[in-house]
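**Student:** First, the structure itself, so that you have it in front of you.
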Amino acid sequence: MDDTPLPPPQSAPPDPSPVPAPLPPESAVESSLVQPPPADPAAPSSLETSAAATPIAEPPLLPPPAPPPPPPPPPVHPFLFHGEAREYFRIWAVNTLLTLLTGGIFAAWAKVRKRRYLRSCTELLGHRFDYRADPRRLLIGNLIVVTFFLGYSLFGVVYPAIRYGVLLVGVVMLPWIVVRSVTFNAHNTAYRGMRFRFNPSLSASTMVYLLEPLLLVVTLGFYYPAWVRSKRNYLVSNHRLGDAYFRFNAANGPFYIAYILGGLILGCSVGIGATITGVITATMDDVRPGDLLQILPVLLCYGLGFFVSKHFIHGYLFNHLWNNTRLDDHRFVARMNVGRWLGLQLVNLAAIIGTAGLLAPWAVIRAQRYVASCLHFEPAGPIESIQRLGGNTGSATGDTAAEFIGLDFGL
Amino acid sequence: MNPVAGTYFDGETLRGVPVTLDFSTPGCLRIVGEGLELTPAWPEVAVSDRLADIARFIYLPGRAVVETLANDAIDAALRAERRGRFSGLVHTLEKHSGIAAGAALLIGLCAVLAFYFGLPVLSRHTAQRTPPAVEARIGQISLAAFNEYFNRSELTAAQRTRVKTQLERLLPDRDEAARPRLVFRALGPQAPNAFALPGNIIIVSDELIGLADDDELAAVLAHEIGHLELKHGIQGALRSSFALLVVSALTGDLSSLTTFAGSIPWLILNNGYSREFEREADEFAHALMLKRGVRLKHFASILKKLEEATAGPGRAARRSYLGTHPPTEERIRLFQPHPDAPKPKTPSPPPSAPATVTFTPPKPATTTTTRSEIVFPPSGSSPIPAPTELPVFLKPGSLSAYQNSEPPLEIIEQRRAYKLPHIQIPARVKKTSRLRFPEEMRRQKLEGEAVVDLIVDRYGNARAAYVVRATNEIFARSALESLENWEFYPARLDQTPVNARIRLPIRFTINSSRESRPIEPFRFTPPEPNTPAKIKLDDPLSKP
């Protein structure tokens, strides 16, 4: 789902889903004030020495000092998700109906409300995330997209050349659209009053979205997992919270393993579907090729296989990606179980199909809750040290990244 | 109201200060915390909209933010300040489960309605309003695409003229430019067919011309003209993109399966649309053929021929729901020639007396009416004369002689129940009922005759009758209607009554001396092809 505040690593389709802001580090579990984190191995030993220093005045028979307790593990703070399916279903249903009744104009407000709900139900270290997008800006973005789409479909019927032209323009402009939408979402997400920021350099964007696809073509697709990693790196390492940087140093290997395994899953399922089709064709005589009944098993198996392999890749890479993401020196810890994730997604799929989409909100909440439960934040120090960018220089670059057009490609 | 707790962030660092919010002072908000006291006025402050029970944010001037979970208190304060009524509206709707359930139902209903009703209506309206230049362009492009796959035609000029003649016959009121453009292509063996492309183009295959005779060609062309007039090609294009749009909008939340699940319903729905189009074109062809004097049975016959020509092994028992075209039997049913349905043909020379007439009435059994008189021709009758003179306002060819060279299918079905002797035996009329002279014919002073082929069963009843020849369909209908009440002497074979098949000529004449008032001229309009009266017969007798 697109509305997750926690960035799931991107898998097979190169969708430009914006990376919702990763987490700021923080120190104590209690909200307010500054307490230096106890992750300091020096502390217990000082206690110990003080205990050892006193026995001179005491009776001599003392038990030997206890071995120093192992340093407490650095505190790992879980992400808490407070969303409820009932509430979300109500929001979703009413907003979808209003969107239909207003012919789609309310869609911007609906999207903002749904995102706000999901983000503001996510809590880290006692405080929640805030999504502040102005729906009017999204509306402008929507209108522009609708115009392009109408032009594409209506004129494309008559002049197919226009379709190719629009596709070409779209392909070239896609990086820019992705960057704009990620920037918009980052700027409008805040934690404890501080906004996130996405500010890539032009060269980095060009490299990832225009040049590396050429490499993809040259290597006949073998570069694809590395390209996914490169995109992820680009998205994560260009995000900032205040003056803190997000850093990414995941290795290539697991990406390749994930994609190879995913491809095997897809291949096996297509093979099964093709076998079923072959059996049907062999037992049925006088059947012309191309009948829908024959193709249906293949299509179903392909769809199912695609679904399973996509979520397998997602689950497999989740831990790898998050364990290698840092905010300055603060770390993330991910403990997702691929099997459980797959099962969850399959149940979601069955629920959505079985109820013709009515249980979609429940599925979203369920997935969000599980993802949040798998992710933890391990601060390496007080996170209050993070400051707002541009606070000292008074420059305008800090907060005026709000785009006039709220382009949002939340596919 | 009571002060509530929250956290104050100055936006410069991530440090938060626990504060209490006090709404008691009207006009401003008091924020009190450790080392912090702020009283911003309400107009300077922005508050995030109420949404379920999520954290609420109060945006203070500058970058400061107060985060709180006390939604109700803030709502009360906002109400007191008369703010946020509109933004609270959506939340009011979202609060109640009943509203949400109703919303979900409505959404489902809208989706279903839009899919099944809105889409066709919308595409039909849009297609009808396509500007001709756009349609011509569409035609060009589709023809170019079509041309890529098929070879040039190898028809002679004479064959092409055949088709053109039929087209002119169907659309005599249009000039060359307004008529559809005929394009001939060789579509390959076993593919006799014709396509209509938007932009007023009809593609005819060589194989079809080889397979069909002139009237059948006219039938096929009428069907394709129907596709063009109703703009099915453009509607199909519109529907394919709108369907995709709608399907992807509906399944937008299923981001994992959008690429796959979206196309399956589109496939099935598209097949449905296509069948609907074919049915509409069939009805159009039906009306056009009637109007222009093409016998409907030719459509049925060409359909049968086409099915045989394209039939490969194992085509039987195809589930029609998944096929693109309605099954041929359904379509043929629309076009089955019925003895009472008016099906004029171009005037043919007057038919000669049937060689199998065996009916010899003992004497002319007529019932005289005030206006008409029925005369049976003597045995070995002379040829039935053609109508003597037509009134001047009767357009020639509009009501032509009616003829069935073979019995209609349902008559054949009915006759199977009767066992007929292998020799011809006459049956004689015992009693006739009043034969009604058709009113329109009487007004036009048109006399006529009809030859009816029927089975007289062992009890002397008329069964399974159809009109072999008639002056026109009105007389034919009238003859069949009257026959219902007639009684016959059954044919006898060695004194045993048997079934017999006979042909019965019936003549309608006007006894002009009995005209009571002058006939005023009126404008002739061809009769509407209404549902003809069926002969009500009992269940077929069991086989003797």
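Residues in the structure tokens are named by chain (A, B, ... in the order shown) and by number from 1 within that chain; ligands are numbered from 1 in the order shown.
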Write out as a PyMOL selection string the set of residues from region 110-275 of chain A that DSSP, computed on the backbone, places in strand (DSSP E).

**Tutor:** chain A and resi 122-124+127-131+189-191+194-198+239-241+244-248

**Student:** What are the closest atom pairs, with distances in Å to one decimal, for all residues of chain A lying within 6 Å of chain B? Consider only C-alpha atoms, order rows by chain and residue number, and present the result as CSV.

**Tutor:**
```
residue,atom,partner,partner_atom,distance
A:Ser32,CA,B:Gly16,CA,5.2
A:Arg90,CA,B:Ala100,CA,5.0
A:Ile91,CA,B:Glu94,CA,5.4
A:Ala93,CA,B:Ala104,CA,5.4
A:Val94,CA,B:Ala100,CA,5.6
A:Leu97,CA,B:Ala103,CA,5.8
A:Ser120,CA,B:Ile54,CA,5.8
A:Val158,CA,B:Ile138,CA,5.4
A:Arg192,CA,B:Leu14,CA,5.8
A:Gly193,CA,B:Gly11,CA,4.8
A:Met194,CA,B:Gly11,CA,5.2
A:Asp286,CA,B:Gly314,CA,4.0
A:Gly303,CA,B:Phe260,CA,5.9
A:Glu384,CA,B:Leu14,CA,4.8
A:Ile386,CA,B:Thr13,CA,5.8
A:Gln387,CA,B:Thr13,CA,4.5
A:Arg388,CA,B:Glu12,CA,4.9
```

**Student:** Write the residues of the preceding selection, restricted to all heavy atoms, as a CSV table (one decimal), in the first residue's frame.

**Tutor:**
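For reference, out-v9.csv as written:
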```
chain,number,residue,atom,x,y,z
A,32,SER,N,9.7,13.7,27.5
A,32,SER,CA,10.2,15.1,27.4
A,32,SER,C,11.7,15.2,27.4
A,32,SER,O,12.3,15.4,26.4
A,32,SER,CB,9.6,15.9,28.6
A,32,SER,OG,9.7,15.2,29.7
A,90,ARG,N,-14.0,3.4,8.3
A,90,ARG,CA,-15.0,4.5,8.2
A,90,ARG,C,-14.4,5.6,7.4
A,90,ARG,O,-15.1,6.2,6.5
A,90,ARG,CB,-15.4,4.9,9.6
A,90,ARG,CG,-16.2,3.9,10.4
A,90,ARG,CD,-16.9,4.5,11.5
A,90,ARG,NE,-16.0,5.0,12.5
A,90,ARG,CZ,-15.7,4.4,13.6
A,90,ARG,NH1,-16.2,3.2,13.8
A,90,ARG,NH2,-14.9,4.9,14.5
A,91,ILE,N,-13.2,5.9,7.7
A,91,ILE,CA,-12.6,7.1,7.0
A,91,ILE,C,-12.5,6.7,5.5
A,91,ILE,O,-12.9,7.6,4.6
A,91,ILE,CB,-11.1,7.3,7.5
A,91,ILE,CG1,-11.2,7.7,9.0
A,91,ILE,CG2,-10.4,8.3,6.7
A,91,ILE,CD1,-9.8,7.8,9.6
A,93,ALA,N,-14.3,4.6,3.7
A,93,ALA,CA,-15.6,4.6,3.0
A,93,ALA,C,-16.2,6.0,2.7
A,93,ALA,O,-16.6,6.3,1.6
A,93,ALA,CB,-16.6,3.7,3.8
A,94,VAL,N,-16.2,6.8,3.8
A,94,VAL,CA,-16.8,8.1,3.6
A,94,VAL,C,-16.0,8.9,2.6
A,94,VAL,O,-16.6,9.6,1.8
A,94,VAL,CB,-16.8,8.8,5.0
A,94,VAL,CG1,-17.2,10.3,4.8
A,94,VAL,CG2,-17.8,8.1,5.9
A,97,LEU,N,-16.7,7.8,-0.9
A,97,LEU,CA,-18.0,8.2,-1.4
A,97,LEU,C,-18.0,9.7,-1.8
A,97,LEU,O,-18.5,10.1,-2.8
A,97,LEU,CB,-19.0,7.9,-0.3
A,97,LEU,CG,-20.4,8.3,-0.8
A,97,LEU,CD1,-20.9,7.4,-1.9
A,97,LEU,CD2,-21.4,8.3,0.4
A,120,SER,N,-0.1,9.5,11.5
A,120,SER,CA,-0.3,10.0,12.9
A,120,SER,C,-0.7,8.9,13.8
A,120,SER,O,-0.8,9.1,15.0
A,120,SER,CB,-1.4,11.1,12.9
A,120,SER,OG,-0.9,12.2,12.3
A,158,VAL,N,-7.3,8.8,-31.8
A,158,VAL,CA,-7.3,9.3,-33.2
A,158,VAL,C,-6.0,9.4,-33.8
A,158,VAL,O,-5.7,9.0,-34.9
A,158,VAL,CB,-8.0,10.7,-33.2
A,158,VAL,CG1,-8.0,11.2,-34.6
A,158,VAL,CG2,-9.3,10.6,-32.6
A,192,ARG,N,7.9,15.7,15.6
A,192,ARG,CA,8.2,16.6,16.7
A,192,ARG,C,8.5,18.0,16.2
A,192,ARG,O,9.4,18.7,16.6
A,192,ARG,CB,9.4,16.2,17.5
A,192,ARG,CG,9.2,14.9,18.2
A,192,ARG,CD,10.4,14.7,19.1
A,192,ARG,NE,10.3,13.4,19.8
A,192,ARG,CZ,11.0,13.1,20.8
A,192,ARG,NH1,11.9,14.0,21.3
A,192,ARG,NH2,10.9,11.9,21.4
A,193,GLY,N,7.6,18.4,15.2
A,193,GLY,CA,7.7,19.8,14.8
A,193,GLY,C,8.8,20.1,13.7
A,193,GLY,O,8.9,21.2,13.2
A,194,MET,N,9.6,19.0,13.4
A,194,MET,CA,10.7,19.3,12.5
A,194,MET,C,10.4,18.6,11.2
A,194,MET,O,10.0,17.4,11.2
A,194,MET,CB,12.0,18.8,13.1
A,194,MET,CG,13.2,19.3,12.3
A,194,MET,SD,14.7,18.8,13.1
A,194,MET,CE,14.7,19.7,14.6
A,286,ASP,N,-10.6,-31.0,-30.1
A,286,ASP,CA,-11.3,-30.0,-30.9
A,286,ASP,C,-11.4,-28.6,-30.2
A,286,ASP,O,-12.4,-28.0,-30.1
A,286,ASP,CB,-12.7,-30.4,-31.2
A,286,ASP,CG,-12.8,-31.8,-31.8
A,286,ASP,OD1,-11.8,-32.2,-32.4
A,286,ASP,OD2,-13.8,-32.5,-31.6
A,303,GLY,N,-0.5,-14.4,-12.3
A,303,GLY,CA,-0.9,-13.3,-11.3
A,303,GLY,C,-0.5,-13.7,-9.9
A,303,GLY,O,0.1,-12.9,-9.2
A,384,GLU,N,18.0,14.7,20.6
A,384,GLU,CA,17.7,16.2,20.6
A,384,GLU,C,18.8,17.0,20.0
A,384,GLU,O,18.7,18.2,19.8
A,384,GLU,CB,17.5,16.6,22.1
A,384,GLU,CG,16.1,16.3,22.5
A,384,GLU,CD,15.9,14.9,22.8
A,384,GLU,OE1,16.9,14.1,22.8
A,384,GLU,OE2,14.8,14.4,23.1
A,386,ILE,N,19.7,16.9,17.1
A,386,ILE,CA,19.4,17.2,15.8
A,386,ILE,C,18.8,18.6,15.8
A,386,ILE,O,17.8,18.9,16.5
A,386,ILE,CB,18.4,16.2,15.2
A,386,ILE,CG1,19.1,14.8,15.1
A,386,ILE,CG2,18.0,16.6,13.8
A,386,ILE,CD1,18.3,13.7,14.6
A,387,GLN,N,19.2,19.4,14.9
A,387,GLN,CA,18.7,20.8,14.8
A,387,GLN,C,18.1,21.0,13.5
A,387,GLN,O,18.4,20.3,12.5
A,387,GLN,CB,19.8,21.8,15.0
A,387,GLN,CG,20.4,21.7,16.4
A,387,GLN,CD,21.1,22.9,16.7
A,387,GLN,OE1,21.5,23.7,15.8
A,387,GLN,NE2,21.4,23.1,18.0
A,388,ARG,N,17.3,22.1,13.4
A,388,ARG,CA,16.7,22.4,12.2
A,388,ARG,C,17.8,22.9,11.2
A,388,ARG,O,18.7,23.7,11.6
A,388,ARG,CB,15.6,23.5,12.4
A,388,ARG,CG,14.8,23.8,11.2
A,388,ARG,CD,13.8,24.8,11.5
A,388,ARG,NE,14.3,26.1,11.8
A,388,ARG,CZ,14.6,27.0,10.8
A,388,ARG,NH1,14.4,26.7,9.6
A,388,ARG,NH2,15.1,28.2,11.1
```

**Student:** Quick check, in Å to one decimal: how far apart do CA of Phe79 (chain A) and CA of Gly62 (chain B) lie?

**Tutor:**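 Between CA of Phe79 (chain A) and CA of Gly62 (chain B) the gap is 29.0 Å.
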
**Student:** Compile the contact shell of region 151-155 of chain B as a list in words: residues with an atom at most 8 Å away, counting only C-alpha atoms, same-chain residues fewer than 5 positions apart removed.

**Tutor:**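 Those residues are Arg160, Phe184, Arg185, Ala186, Leu187, Ser205 and Asp206 of chain B.
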